Structure formats: C-alpha cells, structure tokens
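Trainee: Can you keep this structure in mind? I'll have questions shortly.
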Amino acid sequence: MPPERRLGANAVVSLIIHGFFQFGASMSGLFLNLYLWRLTEDLVINGLYNIIVYGSLPVVFAIGGWVAKRWDKMLIYRIGIAMNALFYLLVVIAQEQVVQYYIWFALLNGIATGFYWTGYLIMQYDVSTDANRLRYLGVNLIVFNTAGLAGPALAGYVIKQSEGLQGYMIIFMLAFVMFIVAAIISFRIPAIKSHHKAYYLKFAGLLMKKHPRWLMALVSFFVFGLFQGIMLFLPNILLFQAVGREDWVGYLGVFFSALTVGTGYAISKTKKENVSSYLRYSTTAIVIGAAMLLIEVKLWSVAIFMIVFSICNPLASNTLNTFYFRIMSSLPLKGQLRVESVVIRELFLNTGRVLSIAMMIIMAQDTESVWLPIVLFGGALLQYLLLPLVRGNKSAAGE
C-alpha cells in the first residue's frame, strides 16, 4: 500500500474509540426507540421524540463547533461521550418514567449526540488526509458495523431472557459502561487545538453565495436527510411488528450490519470514487426495495427493503461524505473553516431529517396506516435529486 494511503496512529485510535462507542450505541440506540414503542405503542410519541433529538442537533453542533474552535477539538468529543453515558444512566434510573419526561430525555439525547458527532466529524478530518480519507471512512464503516454486529444480538438475547422490560435496563447499563471505556481511551489522542480561534459561522451565508459548489453540497445533505430521518428509527419498529420478538429484531440487525460491513470493505478498497454513478446505483436499488413495501408491509417486504438499504445506503453516505470533505478543503482560509463546514452541514442534514419525520407523523399516525409505505417510497424517490446536485460539482468531486 502506498505510504500516503496508510492510516496514522491517531486515526487507528479514533477507530478503536468509535468501535467501543458503537458497540454501546448499537445495543442501546437500536432498542431505545423500541423501548418507547413498547411503553406507548404510539408512533407519534416516537416521532416527536426523534424530531426533538434531531431538531436540537443544529444548535448543539453550533455550540460544539464554537467550543472546538476556542479550546480543544477533543474536549467536545470527550464531553459528548460522557453525556451519552449520563443519558443512559438516567434512563436506567427513570425506567418507565422515561415516557412521562420524554421531551427532556430527547433534549438530553440530542445534546449528547450533537457533542459527540461534532467532535468525531471534526476529528475524522484531522486524523485523515485527502489521500487516505476514502480508505479511512471505509475502514470506519467496517469498525462501526462490526461493533454493531455483536451489540444487537447480545441486546436481543438479554431482553428475551429477562422478565418484562428489565432486559432493556441491563442493556442500557452495559451501554453506559461501553461509553465510559470509550471516554478513557479517548485520552490516547492528544489535544487537537486550533491556532485560529476565530469562529466564522456568521459568515456562512456569504460563503454560500461566493461558493455555489459548497451550497450545492449542503443541499445534497438536506435531500439525503429527507429519507434518513425516517430510517433512523422506523425499521426496528416495523421489524418488531413483523416478528413480535426483540431477540429476532437483534439477530436481523446483526445480519443487516454484516451486509453493511461488506459494503464498507468494498469501499475501503476503492481507489477513486465515482460520485454520480455510486449515488445513481444506490438510489435506484433503494427505490426498488421501498416499492416492495407498497405491495404489503410484512416480514418478507420489510426484510427485502432492509437488505437493499443495508447494502446501498452506506455507499451513498460514504460517497457524499468524501465528496463533501473534498469541497471543504477547497474553501477559503486553507482549512480553517472545517469546523464551520461540519456545523452547517449538520444544519442542512437534520433539517431534512426533521421534515421527513414530521411528514410521517402527519400522514401516518400508526404502523397500520396505508400512508406509511407511501411516505417511505416517496422519501426514497427524493434521493434522485442528489444526482443533479453532484453533477454540478464534478470538478470538486474529482470526476
């Protein structure tokens, strides 16, 4: 392997941290929405919970970006891990009262998630280079989903073996432990301080006007979020409705993650990405998979859709991320705007997520609604809007 494509020590440590974090998150995050569903059987409450989480993220990212610029980029990352640990500790303490205070839990979840991903996304840029970033993101996808293989299976087994909802509490406590371990390992990466502490977020609008390629890339993440919002929590509810057992939801989650690992491995071996082609192929496959749900929402159709989504979505996600990182490098001030670029990207992405969840709540009040598969299919179709956005950016994408 050429030296320029090899991963540095900090990159390797960041992958280990993210592996521990994802092991905890795959256990807890997969079943947190299912826990709310078991307590309420109300799709609206689940939807509102996620709207609050993702609606709060742009503000949290803006604050996190300011902290990263003024002090230390690793500081906000460690705060994010610690707050995720605190969140699940409080869930264990509150137990069924989570439903009574779901708005506050959603806000805390949003803050913890926002701080973690602010730090991690900025760190991804800092520990990789233009020459090895595609490989780094591919390996990251493998680590992310390999950690996610064991988590859902273990969680499903524990929940099935426990009485009532106590298994959920055990899983949330295990997640708390994983986050503490991740926080400890994070001290292996030294402080990443910026010599340029000015925060240029207020100039984002002006930058969009002067750099239309960047604006088009941001809009592409808004479009991406229009489908991703629903997919962040709905599939596990549909799977539970189809099989009626948490352990099978976990085992199927392992299978879907294994497919994603395979995609990540293929991406890590790719020397040059073809943005337009990758997005066209992945979108077409997901649209075909979503069309199966229009026939009927049963185990076979949900399984086919999730298989296709698990294979194709990481291809689209990694392609867009690599595409965006390259455009970030072309912005003024020689890389000083990477924190602001991450913050603004999350604003566009999470706006799309919130709108898609809100549309689902308005049109489909429960999992039996005829509108539910239509909303999913419509969200998948909207992903074709990504193609003209990236075609207008070919020079930035390296095509």
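Quick note on naming: the chains in the structure tokens go A, B, ... in the order shown, residues restart at 1 in each chain, and ligands are numbered from 1 in order of appearance.
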Env of A:Ile288: 12 Å cut, atoms = only C-alpha atoms, seq-sep filter 4 positions within chain, self excluded. Answer as a list in words.
Mentor: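 Once the nearby chain positions are removed, what remains is Tyr281, Ser282, Thr283, Thr284, Met292, Leu293, Leu294, Ile295, Ser301, Ile304, Phe305, Met306, Ile307, Val308, Phe309, Cys312, Leu376, Phe377, Gly378, Ala380 and Leu381 of chain A.
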Trainee: Between stretch 32-98 of chain A and stretch 22-28 of chain A, at 10 Å or less, what are the per-residue closest atom pairs and their distances in Å? Count only C-alpha atoms, order by chain and rising residue number, and return it as a Markdown table.
Mentor:
```
| residue | atom | partner | partner_atom | distance |
| --- | --- | --- | --- | --- |
| A:Leu32 | CA | A:Ser28 | CA | 5.7 |
| A:Asn33 | CA | A:Ser28 | CA | 9.1 |
| A:Leu34 | CA | A:Ser28 | CA | 9.9 |
| A:Tyr35 | CA | A:Ser28 | CA | 9.6 |
| A:Asn84 | CA | A:Ala25 | CA | 9.0 |
| A:Ala85 | CA | A:Gly24 | CA | 9.4 |
| A:Tyr88 | CA | A:Ser28 | CA | 8.1 |
```
Trainee: Write the selection just made, keeping all heavy atoms, as an mmCIF file, in the first residue's frame?
Mentor:
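Below is the file selection26.cif, written as the result:
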```cif
data_model
loop_
_atom_site.group_PDB
_atom_site.id
_atom_site.type_symbol
_atom_site.label_atom_id
_atom_site.label_comp_id
_atom_site.auth_asym_id
_atom_site.auth_seq_id
_atom_site.Cartn_x
_atom_site.Cartn_y
_atom_site.Cartn_z
ATOM 1 N N LEU A 32 -33.701 1.660 22.083
ATOM 2 C CA LEU A 32 -34.288 2.780 22.808
ATOM 3 C C LEU A 32 -35.642 3.158 22.211
ATOM 4 O O LEU A 32 -36.633 3.328 22.937
ATOM 5 C CB LEU A 32 -33.349 3.984 22.788
ATOM 6 C CG LEU A 32 -33.882 5.236 23.512
ATOM 7 C CD1 LEU A 32 -34.123 4.932 24.991
ATOM 8 C CD2 LEU A 32 -32.908 6.397 23.367
ATOM 9 N N ASN A 33 -35.698 3.297 20.886
ATOM 10 C CA ASN A 33 -36.973 3.603 20.246
ATOM 11 C C ASN A 33 -37.964 2.462 20.421
ATOM 12 O O ASN A 33 -39.168 2.693 20.560
ATOM 13 C CB ASN A 33 -36.756 3.889 18.757
ATOM 14 C CG ASN A 33 -36.249 5.293 18.516
ATOM 15 O OD1 ASN A 33 -36.959 6.273 18.695
ATOM 16 N ND2 ASN A 33 -34.996 5.396 18.113
ATOM 17 N N LEU A 34 -37.459 1.225 20.406
ATOM 18 C CA LEU A 34 -38.334 0.078 20.625
ATOM 19 C C LEU A 34 -38.848 0.067 22.063
ATOM 20 O O LEU A 34 -39.990 -0.326 22.312
ATOM 21 C CB LEU A 34 -37.580 -1.220 20.312
ATOM 22 C CG LEU A 34 -38.435 -2.463 20.052
ATOM 23 C CD1 LEU A 34 -39.469 -2.196 18.974
ATOM 24 C CD2 LEU A 34 -37.539 -3.633 19.666
ATOM 25 N N TYR A 35 -38.010 0.522 23.003
ATOM 26 C CA TYR A 35 -38.437 0.630 24.405
ATOM 27 C C TYR A 35 -39.587 1.637 24.530
ATOM 28 O O TYR A 35 -40.595 1.362 25.190
ATOM 29 C CB TYR A 35 -37.245 1.053 25.256
ATOM 30 C CG TYR A 35 -37.542 1.188 26.738
ATOM 31 C CD1 TYR A 35 -37.952 0.088 27.481
ATOM 32 C CD2 TYR A 35 -37.383 2.411 27.389
ATOM 33 C CE1 TYR A 35 -38.216 0.198 28.849
ATOM 34 C CE2 TYR A 35 -37.630 2.538 28.749
ATOM 35 C CZ TYR A 35 -38.052 1.426 29.472
ATOM 36 O OH TYR A 35 -38.311 1.547 30.814
ATOM 37 N N ASN A 84 -23.366 10.936 26.702
ATOM 38 C CA ASN A 84 -24.096 9.736 26.289
ATOM 39 C C ASN A 84 -24.153 8.736 27.434
ATOM 40 O O ASN A 84 -25.182 8.081 27.656
ATOM 41 C CB ASN A 84 -23.422 9.108 25.064
ATOM 42 C CG ASN A 84 -23.924 9.679 23.758
ATOM 43 O OD1 ASN A 84 -24.976 9.287 23.262
ATOM 44 N ND2 ASN A 84 -23.180 10.626 23.199
ATOM 45 N N ALA A 85 -23.035 8.600 28.163
ATOM 46 C CA ALA A 85 -23.020 7.716 29.332
ATOM 47 C C ALA A 85 -24.035 8.196 30.372
ATOM 48 O O ALA A 85 -24.810 7.401 30.930
ATOM 49 C CB ALA A 85 -21.616 7.672 29.929
ATOM 50 N N TYR A 88 -27.808 7.415 29.393
ATOM 51 C CA TYR A 88 -28.312 6.055 29.615
ATOM 52 C C TYR A 88 -28.347 5.688 31.093
ATOM 53 O O TYR A 88 -29.164 4.860 31.508
ATOM 54 C CB TYR A 88 -27.500 5.057 28.797
ATOM 55 C CG TYR A 88 -27.924 5.081 27.347
ATOM 56 C CD1 TYR A 88 -27.155 5.703 26.380
ATOM 57 C CD2 TYR A 88 -29.136 4.521 26.964
ATOM 58 C CE1 TYR A 88 -27.558 5.757 25.052
ATOM 59 C CE2 TYR A 88 -29.558 4.566 25.644
ATOM 60 C CZ TYR A 88 -28.773 5.187 24.694
ATOM 61 O OH TYR A 88 -29.191 5.235 23.387
#
```
Trainee: Give me the residues near A:Arg78 as a PDB file with N, CA and C atoms, in the first residue's frame, where near means some atom within 9 Å (using only C-alpha atoms) and where sequence neighbours in that chain fewer than 5 positions away do not count.
Mentor:
```pdb
ATOM      1  N   MET A  83     -21.575  12.544  28.068  1.00  0.00           N
ATOM      2  CA  MET A  83     -23.009  12.862  28.157  1.00  0.00           C
ATOM      3  C   MET A  83     -23.864  11.701  27.662  1.00  0.00           C
ATOM      4  N   PHE A 115     -22.867  16.763  20.582  1.00  0.00           N
ATOM      5  CA  PHE A 115     -21.490  16.995  21.021  1.00  0.00           C
ATOM      6  C   PHE A 115     -20.568  15.874  20.537  1.00  0.00           C
ATOM      7  N   TYR A 116     -21.051  14.614  20.640  1.00  0.00           N
ATOM      8  CA  TYR A 116     -20.208  13.503  20.199  1.00  0.00           C
ATOM      9  C   TYR A 116     -19.881  13.624  18.717  1.00  0.00           C
ATOM     10  N   GLY A 119     -17.515  16.499  17.639  1.00  0.00           N
ATOM     11  CA  GLY A 119     -16.121  16.144  17.877  1.00  0.00           C
ATOM     12  C   GLY A 119     -15.623  15.084  16.925  1.00  0.00           C
ATOM     13  N   ALA A 182     -14.889   4.081  26.268  1.00  0.00           N
ATOM     14  CA  ALA A 182     -14.541   4.915  25.115  1.00  0.00           C
ATOM     15  C   ALA A 182     -13.970   6.257  25.561  1.00  0.00           C
ATOM     16  N   ALA A 183     -14.539   6.834  26.622  1.00  0.00           N
ATOM     17  CA  ALA A 183     -14.052   8.116  27.125  1.00  0.00           C
ATOM     18  C   ALA A 183     -12.619   7.990  27.647  1.00  0.00           C
ATOM     19  N   ILE A 184     -12.323   6.891  28.318  1.00  0.00           N
ATOM     20  CA  ILE A 184     -10.969   6.678  28.848  1.00  0.00           C
ATOM     21  C   ILE A 184      -9.959   6.541  27.711  1.00  0.00           C
ATOM     22  N   SER A 186     -10.162   7.727  24.785  1.00  0.00           N
ATOM     23  CA  SER A 186     -10.035   8.971  24.020  1.00  0.00           C
ATOM     24  C   SER A 186      -8.855   9.827  24.472  1.00  0.00           C
ATOM     25  N   PHE A 187      -8.381   9.601  25.702  1.00  0.00           N
ATOM     26  CA  PHE A 187      -7.225  10.384  26.181  1.00  0.00           C
ATOM     27  C   PHE A 187      -5.921   9.935  25.527  1.00  0.00           C
TER      28      PHE A 187
END
```
Trainee: Counting only C-alpha atoms, give me one row per residue of stretch 177-296 of chain A with an atom at most 9 Å from an atom of stretch 360-369 of chain A, showing the shortest contact pair and its distance in Å to one decimal, sorted by chain then residue number, as a Markdown table.
Mentor:
```
| residue | atom | partner | partner_atom | distance |
| --- | --- | --- | --- | --- |
| A:Ile230 | CA | A:Met360 | CA | 7.5 |
| A:Ile237 | CA | A:Thr367 | CA | 8.3 |
| A:Leu238 | CA | A:Thr367 | CA | 7.4 |
| A:Gln241 | CA | A:Thr367 | CA | 8.3 |
```
Trainee: Could you write those residues out with N, CA, C and O atoms, as a short mmCIF file (atom, residue, chain, number, x, y, z; two decimals), in the first residue's frame?
Mentor:
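Final output, saved to result.cif:
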```
data_model
loop_
_atom_site.label_atom_id
_atom_site.label_comp_id
_atom_site.auth_asym_id
_atom_site.auth_seq_id
_atom_site.Cartn_x
_atom_site.Cartn_y
_atom_site.Cartn_z
N ILE A 230 -36.54 9.22 8.67
CA ILE A 230 -37.46 8.12 8.92
C ILE A 230 -36.70 6.83 9.21
O ILE A 230 -37.07 6.04 10.09
N ILE A 237 -39.07 -0.73 14.47
CA ILE A 237 -40.47 -0.86 14.86
C ILE A 237 -41.21 -1.77 13.88
O ILE A 237 -41.99 -2.63 14.29
N LEU A 238 -40.96 -1.58 12.59
CA LEU A 238 -41.59 -2.43 11.58
C LEU A 238 -41.17 -3.89 11.74
O LEU A 238 -41.99 -4.81 11.61
N GLN A 241 -42.94 -5.34 14.70
CA GLN A 241 -44.33 -5.62 14.34
C GLN A 241 -44.44 -6.91 13.53
O GLN A 241 -45.41 -7.65 13.64
#
```
Trainee: From the options A:Ser317, A:Gln166, A:Thr113, A:Ser341, which residue's atoms come nearest to A:Ile76, counting only C-alpha atoms?
Mentor: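 Among A:Ser317, A:Gln166, A:Thr113, A:Ser341, it is A:Thr113 that comes nearest to A:Ile76.
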Trainee: Just asking: which residues within stretch 64-303 of chain A are helix (DSSP H, G or I) according to DSSP, as a PyMOL selection string?
Mentor: chain A and resi 64-70+73-98+102-127+133-161+166-188+201-210+212-231+234-243+246-268+275-295+299-303
Trainee: Counting only C-alpha atoms, which of A:Asn236, A:Arg338, A:Trp371, A:Glu346 gets nearest to A:Ala303?
Mentor: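 Using only C-alpha atoms, the shortest distance to A:Ala303 belongs to A:Asn236.
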Trainee: At what distance in Å, to one decimal, does atom CA of A:Lys160 lie from atom CA of A:Leu43?
Mentor: 22.8 Å
Trainee: Just the residues within 12 Å of stretch 382-387 of chain A, please, counting only C-alpha atoms, with nothing from its chain fewer than 4 positions along; format it as a PDB file with N, CA, C and O atoms, in the first residue's frame.
Mentor:
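File written: out-v7.pdb
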```pdb
ATOM      1  N   MET A 216     -24.365  23.754  -3.048  1.00  0.00           N
ATOM      2  CA  MET A 216     -24.970  22.580  -3.672  1.00  0.00           C
ATOM      3  C   MET A 216     -24.678  21.313  -2.869  1.00  0.00           C
ATOM      4  O   MET A 216     -25.524  20.426  -2.732  1.00  0.00           O
ATOM      5  N   ALA A 217     -23.466  21.222  -2.325  1.00  0.00           N
ATOM      6  CA  ALA A 217     -23.115  20.072  -1.487  1.00  0.00           C
ATOM      7  C   ALA A 217     -23.968  20.054  -0.219  1.00  0.00           C
ATOM      8  O   ALA A 217     -24.422  18.992   0.232  1.00  0.00           O
ATOM      9  N   LEU A 218     -24.209  21.221   0.365  1.00  0.00           N
ATOM     10  CA  LEU A 218     -25.051  21.312   1.558  1.00  0.00           C
ATOM     11  C   LEU A 218     -26.488  20.902   1.253  1.00  0.00           C
ATOM     12  O   LEU A 218     -27.116  20.174   2.024  1.00  0.00           O
ATOM     13  N   VAL A 219     -27.008  21.364   0.131  1.00  0.00           N
ATOM     14  CA  VAL A 219     -28.367  20.998  -0.260  1.00  0.00           C
ATOM     15  C   VAL A 219     -28.470  19.487  -0.466  1.00  0.00           C
ATOM     16  O   VAL A 219     -29.501  18.874  -0.174  1.00  0.00           O
ATOM     17  N   SER A 220     -27.394  18.872  -0.959  1.00  0.00           N
ATOM     18  CA  SER A 220     -27.415  17.422  -1.146  1.00  0.00           C
ATOM     19  C   SER A 220     -27.605  16.703   0.191  1.00  0.00           C
ATOM     20  O   SER A 220     -28.284  15.670   0.256  1.00  0.00           O
ATOM     21  N   PHE A 221     -27.054  17.241   1.279  1.00  0.00           N
ATOM     22  CA  PHE A 221     -27.247  16.624   2.594  1.00  0.00           C
ATOM     23  C   PHE A 221     -28.663  16.860   3.107  1.00  0.00           C
ATOM     24  O   PHE A 221     -29.219  16.015   3.824  1.00  0.00           O
ATOM     25  N   PHE A 222     -29.256  17.991   2.753  1.00  0.00           N
ATOM     26  CA  PHE A 222     -30.668  18.215   3.097  1.00  0.00           C
ATOM     27  C   PHE A 222     -31.541  17.155   2.437  1.00  0.00           C
ATOM     28  O   PHE A 222     -32.411  16.550   3.074  1.00  0.00           O
ATOM     29  N   VAL A 223     -31.307  16.910   1.149  1.00  0.00           N
ATOM     30  CA  VAL A 223     -32.059  15.897   0.412  1.00  0.00           C
ATOM     31  C   VAL A 223     -31.816  14.511   1.021  1.00  0.00           C
ATOM     32  O   VAL A 223     -32.747  13.722   1.198  1.00  0.00           O
ATOM     33  N   PHE A 224     -30.566  14.222   1.352  1.00  0.00           N
ATOM     34  CA  PHE A 224     -30.216  12.945   1.972  1.00  0.00           C
ATOM     35  C   PHE A 224     -30.983  12.762   3.277  1.00  0.00           C
ATOM     36  O   PHE A 224     -31.486  11.672   3.579  1.00  0.00           O
ATOM     37  N   GLY A 225     -31.112  13.833   4.059  1.00  0.00           N
ATOM     38  CA  GLY A 225     -31.811  13.763   5.334  1.00  0.00           C
ATOM     39  C   GLY A 225     -33.302  13.525   5.202  1.00  0.00           C
ATOM     40  O   GLY A 225     -33.940  13.020   6.135  1.00  0.00           O
ATOM     41  N   LEU A 226     -33.885  13.875   4.044  1.00  0.00           N
ATOM     42  CA  LEU A 226     -35.322  13.692   3.842  1.00  0.00           C
ATOM     43  C   LEU A 226     -35.742  12.225   3.898  1.00  0.00           C
ATOM     44  O   LEU A 226     -36.904  11.917   4.134  1.00  0.00           O
ATOM     45  N   PHE A 227     -34.799  11.333   3.671  1.00  0.00           N
ATOM     46  CA  PHE A 227     -35.081   9.905   3.780  1.00  0.00           C
ATOM     47  C   PHE A 227     -34.480   9.314   5.047  1.00  0.00           C
ATOM     48  O   PHE A 227     -35.064   8.427   5.679  1.00  0.00           O
ATOM     49  N   GLN A 228     -33.316   9.834   5.434  1.00  0.00           N
ATOM     50  CA  GLN A 228     -32.604   9.261   6.576  1.00  0.00           C
ATOM     51  C   GLN A 228     -33.346   9.452   7.889  1.00  0.00           C
ATOM     52  O   GLN A 228     -33.235   8.627   8.798  1.00  0.00           O
ATOM     53  N   ASN A 274     -16.651   7.366  -7.862  1.00  0.00           N
ATOM     54  CA  ASN A 274     -17.418   7.979  -8.936  1.00  0.00           C
ATOM     55  C   ASN A 274     -18.740   8.409  -8.328  1.00  0.00           C
ATOM     56  O   ASN A 274     -19.665   7.613  -8.198  1.00  0.00           O
ATOM     57  N   VAL A 275     -18.824   9.666  -7.923  1.00  0.00           N
ATOM     58  CA  VAL A 275     -19.938  10.142  -7.111  1.00  0.00           C
ATOM     59  C   VAL A 275     -21.280   9.915  -7.791  1.00  0.00           C
ATOM     60  O   VAL A 275     -22.197   9.331  -7.216  1.00  0.00           O
ATOM     61  N   SER A 276     -21.423  10.383  -9.022  1.00  0.00           N
ATOM     62  CA  SER A 276     -22.711  10.283  -9.718  1.00  0.00           C
ATOM     63  C   SER A 276     -23.163   8.837  -9.872  1.00  0.00           C
ATOM     64  O   SER A 276     -24.317   8.495  -9.598  1.00  0.00           O
ATOM     65  N   SER A 277     -22.261   7.976 -10.305  1.00  0.00           N
ATOM     66  CA  SER A 277     -22.625   6.573 -10.529  1.00  0.00           C
ATOM     67  C   SER A 277     -22.998   5.880  -9.225  1.00  0.00           C
ATOM     68  O   SER A 277     -24.001   5.148  -9.158  1.00  0.00           O
ATOM     69  N   TYR A 278     -22.207   6.083  -8.167  1.00  0.00           N
ATOM     70  CA  TYR A 278     -22.497   5.440  -6.886  1.00  0.00           C
ATOM     71  C   TYR A 278     -23.875   5.849  -6.364  1.00  0.00           C
ATOM     72  O   TYR A 278     -24.648   5.018  -5.881  1.00  0.00           O
ATOM     73  N   LEU A 279     -24.185   7.149  -6.454  1.00  0.00           N
ATOM     74  CA  LEU A 279     -25.474   7.632  -5.966  1.00  0.00           C
ATOM     75  C   LEU A 279     -26.621   7.129  -6.835  1.00  0.00           C
ATOM     76  O   LEU A 279     -27.695   6.804  -6.326  1.00  0.00           O
ATOM     77  N   ARG A 280     -26.410   7.044  -8.131  1.00  0.00           N
ATOM     78  CA  ARG A 280     -27.459   6.554  -9.024  1.00  0.00           C
ATOM     79  C   ARG A 280     -27.775   5.091  -8.734  1.00  0.00           C
ATOM     80  O   ARG A 280     -28.948   4.701  -8.611  1.00  0.00           O
ATOM     81  N   TYR A 281     -26.739   4.270  -8.603  1.00  0.00           N
ATOM     82  CA  TYR A 281     -26.956   2.845  -8.356  1.00  0.00           C
ATOM     83  C   TYR A 281     -27.616   2.615  -6.989  1.00  0.00           C
ATOM     84  O   TYR A 281     -28.566   1.822  -6.871  1.00  0.00           O
ATOM     85  N   SER A 282     -27.103   3.278  -5.966  1.00  0.00           N
ATOM     86  CA  SER A 282     -27.634   3.058  -4.618  1.00  0.00           C
ATOM     87  C   SER A 282     -29.077   3.545  -4.510  1.00  0.00           C
ATOM     88  O   SER A 282     -29.926   2.862  -3.914  1.00  0.00           O
ATOM     89  N   THR A 283     -29.381   4.700  -5.092  1.00  0.00           N
ATOM     90  CA  THR A 283     -30.745   5.238  -5.023  1.00  0.00           C
ATOM     91  C   THR A 283     -31.725   4.343  -5.765  1.00  0.00           C
ATOM     92  O   THR A 283     -32.820   4.052  -5.266  1.00  0.00           O
ATOM     93  N   THR A 284     -31.350   3.897  -6.941  1.00  0.00           N
ATOM     94  CA  THR A 284     -32.238   3.034  -7.727  1.00  0.00           C
ATOM     95  C   THR A 284     -32.560   1.750  -6.975  1.00  0.00           C
ATOM     96  O   THR A 284     -33.726   1.315  -6.922  1.00  0.00           O
ATOM     97  N   ALA A 285     -31.556   1.143  -6.369  1.00  0.00           N
ATOM     98  CA  ALA A 285     -31.779  -0.096  -5.626  1.00  0.00           C
ATOM     99  C   ALA A 285     -32.698   0.137  -4.426  1.00  0.00           C
ATOM    100  O   ALA A 285     -33.611  -0.667  -4.152  1.00  0.00           O
ATOM    101  N   ILE A 286     -32.484   1.250  -3.696  1.00  0.00           N
ATOM    102  CA  ILE A 286     -33.314   1.532  -2.520  1.00  0.00           C
ATOM    103  C   ILE A 286     -34.753   1.825  -2.922  1.00  0.00           C
ATOM    104  O   ILE A 286     -35.700   1.409  -2.237  1.00  0.00           O
ATOM    105  N   VAL A 287     -34.954   2.520  -4.035  1.00  0.00           N
ATOM    106  CA  VAL A 287     -36.310   2.788  -4.531  1.00  0.00           C
ATOM    107  C   VAL A 287     -37.020   1.477  -4.858  1.00  0.00           C
ATOM    108  O   VAL A 287     -38.200   1.287  -4.516  1.00  0.00           O
ATOM    109  N   ASN A 313     -27.194   2.006   1.287  1.00  0.00           N
ATOM    110  CA  ASN A 313     -27.132   3.281   1.992  1.00  0.00           C
ATOM    111  C   ASN A 313     -25.715   3.689   2.388  1.00  0.00           C
ATOM    112  O   ASN A 313     -25.347   4.865   2.245  1.00  0.00           O
ATOM    113  N   ALA A 316     -23.979   5.325  -0.508  1.00  0.00           N
ATOM    114  CA  ALA A 316     -24.399   6.711  -0.721  1.00  0.00           C
ATOM    115  C   ALA A 316     -23.836   7.631   0.359  1.00  0.00           C
ATOM    116  O   ALA A 316     -23.336   8.729   0.067  1.00  0.00           O
ATOM    117  N   SER A 317     -23.881   7.181   1.620  1.00  0.00           N
ATOM    118  CA  SER A 317     -23.422   8.010   2.732  1.00  0.00           C
ATOM    119  C   SER A 317     -21.930   8.309   2.640  1.00  0.00           C
ATOM    120  O   SER A 317     -21.494   9.460   2.753  1.00  0.00           O
ATOM    121  N   THR A 319     -19.998   8.085   0.019  1.00  0.00           N
ATOM    122  CA  THR A 319     -19.718   8.857  -1.185  1.00  0.00           C
ATOM    123  C   THR A 319     -19.974  10.339  -0.939  1.00  0.00           C
ATOM    124  O   THR A 319     -19.156  11.200  -1.298  1.00  0.00           O
ATOM    125  N   LEU A 320     -21.109  10.649  -0.298  1.00  0.00           N
ATOM    126  CA  LEU A 320     -21.425  12.050  -0.010  1.00  0.00           C
ATOM    127  C   LEU A 320     -20.428  12.660   0.979  1.00  0.00           C
ATOM    128  O   LEU A 320     -20.032  13.822   0.839  1.00  0.00           O
ATOM    129  N   GLY A 352     -33.528  18.233   7.025  1.00  0.00           N
ATOM    130  CA  GLY A 352     -34.167  17.205   6.204  1.00  0.00           C
ATOM    131  C   GLY A 352     -34.727  16.079   7.044  1.00  0.00           C
ATOM    132  O   GLY A 352     -35.843  15.589   6.804  1.00  0.00           O
ATOM    133  N   SER A 356     -38.785  15.045   7.343  1.00  0.00           N
ATOM    134  CA  SER A 356     -39.272  13.723   6.947  1.00  0.00           C
ATOM    135  C   SER A 356     -40.038  13.055   8.083  1.00  0.00           C
ATOM    136  O   SER A 356     -41.081  12.421   7.851  1.00  0.00           O
ATOM    137  N   VAL A 375     -45.002   7.098   2.253  1.00  0.00           N
ATOM    138  CA  VAL A 375     -44.035   8.100   2.721  1.00  0.00           C
ATOM    139  C   VAL A 375     -42.608   7.578   2.544  1.00  0.00           C
ATOM    140  O   VAL A 375     -41.715   8.310   2.104  1.00  0.00           O
ATOM    141  N   LEU A 376     -42.375   6.310   2.889  1.00  0.00           N
ATOM    142  CA  LEU A 376     -41.048   5.713   2.719  1.00  0.00           C
ATOM    143  C   LEU A 376     -40.632   5.691   1.246  1.00  0.00           C
ATOM    144  O   LEU A 376     -39.503   6.052   0.898  1.00  0.00           O
ATOM    145  N   PHE A 377     -41.552   5.288   0.383  1.00  0.00           N
ATOM    146  CA  PHE A 377     -41.255   5.230  -1.047  1.00  0.00           C
ATOM    147  C   PHE A 377     -40.987   6.631  -1.596  1.00  0.00           C
ATOM    148  O   PHE A 377     -40.058   6.831  -2.392  1.00  0.00           O
ATOM    149  N   GLY A 378     -41.783   7.614  -1.155  1.00  0.00           N
ATOM    150  CA  GLY A 378     -41.570   8.987  -1.601  1.00  0.00           C
ATOM    151  C   GLY A 378     -40.217   9.528  -1.154  1.00  0.00           C
ATOM    152  O   GLY A 378     -39.522  10.210  -1.921  1.00  0.00           O
ATOM    153  N   ARG A 391     -23.735  16.385  -9.980  1.00  0.00           N
ATOM    154  CA  ARG A 391     -23.246  16.580 -11.351  1.00  0.00           C
ATOM    155  C   ARG A 391     -22.722  17.998 -11.534  1.00  0.00           C
ATOM    156  O   ARG A 391     -21.764  18.231 -12.266  1.00  0.00           O
ATOM    157  N   GLY A 392     -23.360  18.954 -10.859  1.00  0.00           N
ATOM    158  CA  GLY A 392     -22.902  20.325 -10.954  1.00  0.00           C
ATOM    159  C   GLY A 392     -21.636  20.580 -10.166  1.00  0.00           C
ATOM    160  O   GLY A 392     -21.099  21.683 -10.175  1.00  0.00           O
ATOM    161  N   ASN A 393     -21.152  19.550  -9.500  1.00  0.00           N
ATOM    162  CA  ASN A 393     -19.969  19.680  -8.660  1.00  0.00           C
ATOM    163  C   ASN A 393     -18.882  18.700  -9.054  1.00  0.00           C
ATOM    164  O   ASN A 393     -18.075  18.300  -8.238  1.00  0.00           O
ATOM    165  N   LYS A 394     -18.850  18.278 -10.306  1.00  0.00           N
ATOM    166  CA  LYS A 394     -17.909  17.232 -10.727  1.00  0.00           C
ATOM    167  C   LYS A 394     -16.466  17.624 -10.514  1.00  0.00           C
ATOM    168  O   LYS A 394     -15.640  16.808 -10.125  1.00  0.00           O
TER     169      LYS A 394
END
```
Trainee: Which of these residues is nearest to A:Val13, using only C-alpha atoms: A:Ala175, A:Leu206, A:Ala147, A:Met123?
Mentor: A:Met123
Trainee: To one decimal place in Å, what is the distance between atom CA of A:Asn350 and atom CA of A:Tyr54?
Mentor: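 So the two atoms, atom CA of A:Asn350 and atom CA of A:Tyr54, lie 5.7 Å apart.
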Trainee: Might you pull out every residue within 10 Å of A:Gln95, with only C-alpha atoms counted and same-chain residues fewer than 5 positions away left off, and present them as an NGL selection string?
Mentor: :A and (35 or 89-90 or 165-166 or 168-169)
Trainee: Save out the residues we just selected, N, CA and C atoms, as a tab-separated table (two decimals), in the first residue's frame.
Mentor:
```
chain	number	residue	atom	x	y	z
A	35	TYR	N	-38.01	0.52	23.00
A	35	TYR	CA	-38.44	0.63	24.41
A	35	TYR	C	-39.59	1.64	24.53
A	89	LEU	N	-27.49	6.30	31.89
A	89	LEU	CA	-27.58	6.10	33.33
A	89	LEU	C	-28.91	6.65	33.86
A	90	LEU	N	-29.30	7.82	33.35
A	90	LEU	CA	-30.58	8.42	33.76
A	90	LEU	C	-31.77	7.61	33.27
A	165	LEU	N	-39.67	-5.71	31.08
A	165	LEU	CA	-38.80	-4.78	30.37
A	165	LEU	C	-37.45	-4.62	31.06
A	166	GLN	N	-37.14	-5.52	32.00
A	166	GLN	CA	-35.89	-5.40	32.75
A	166	GLN	C	-34.66	-5.61	31.86
A	168	TYR	N	-34.16	-4.43	29.01
A	168	TYR	CA	-33.78	-3.13	28.45
A	168	TYR	C	-32.86	-2.38	29.40
A	169	MET	N	-33.15	-2.47	30.71
A	169	MET	CA	-32.33	-1.76	31.70
A	169	MET	C	-30.91	-2.33	31.73
```
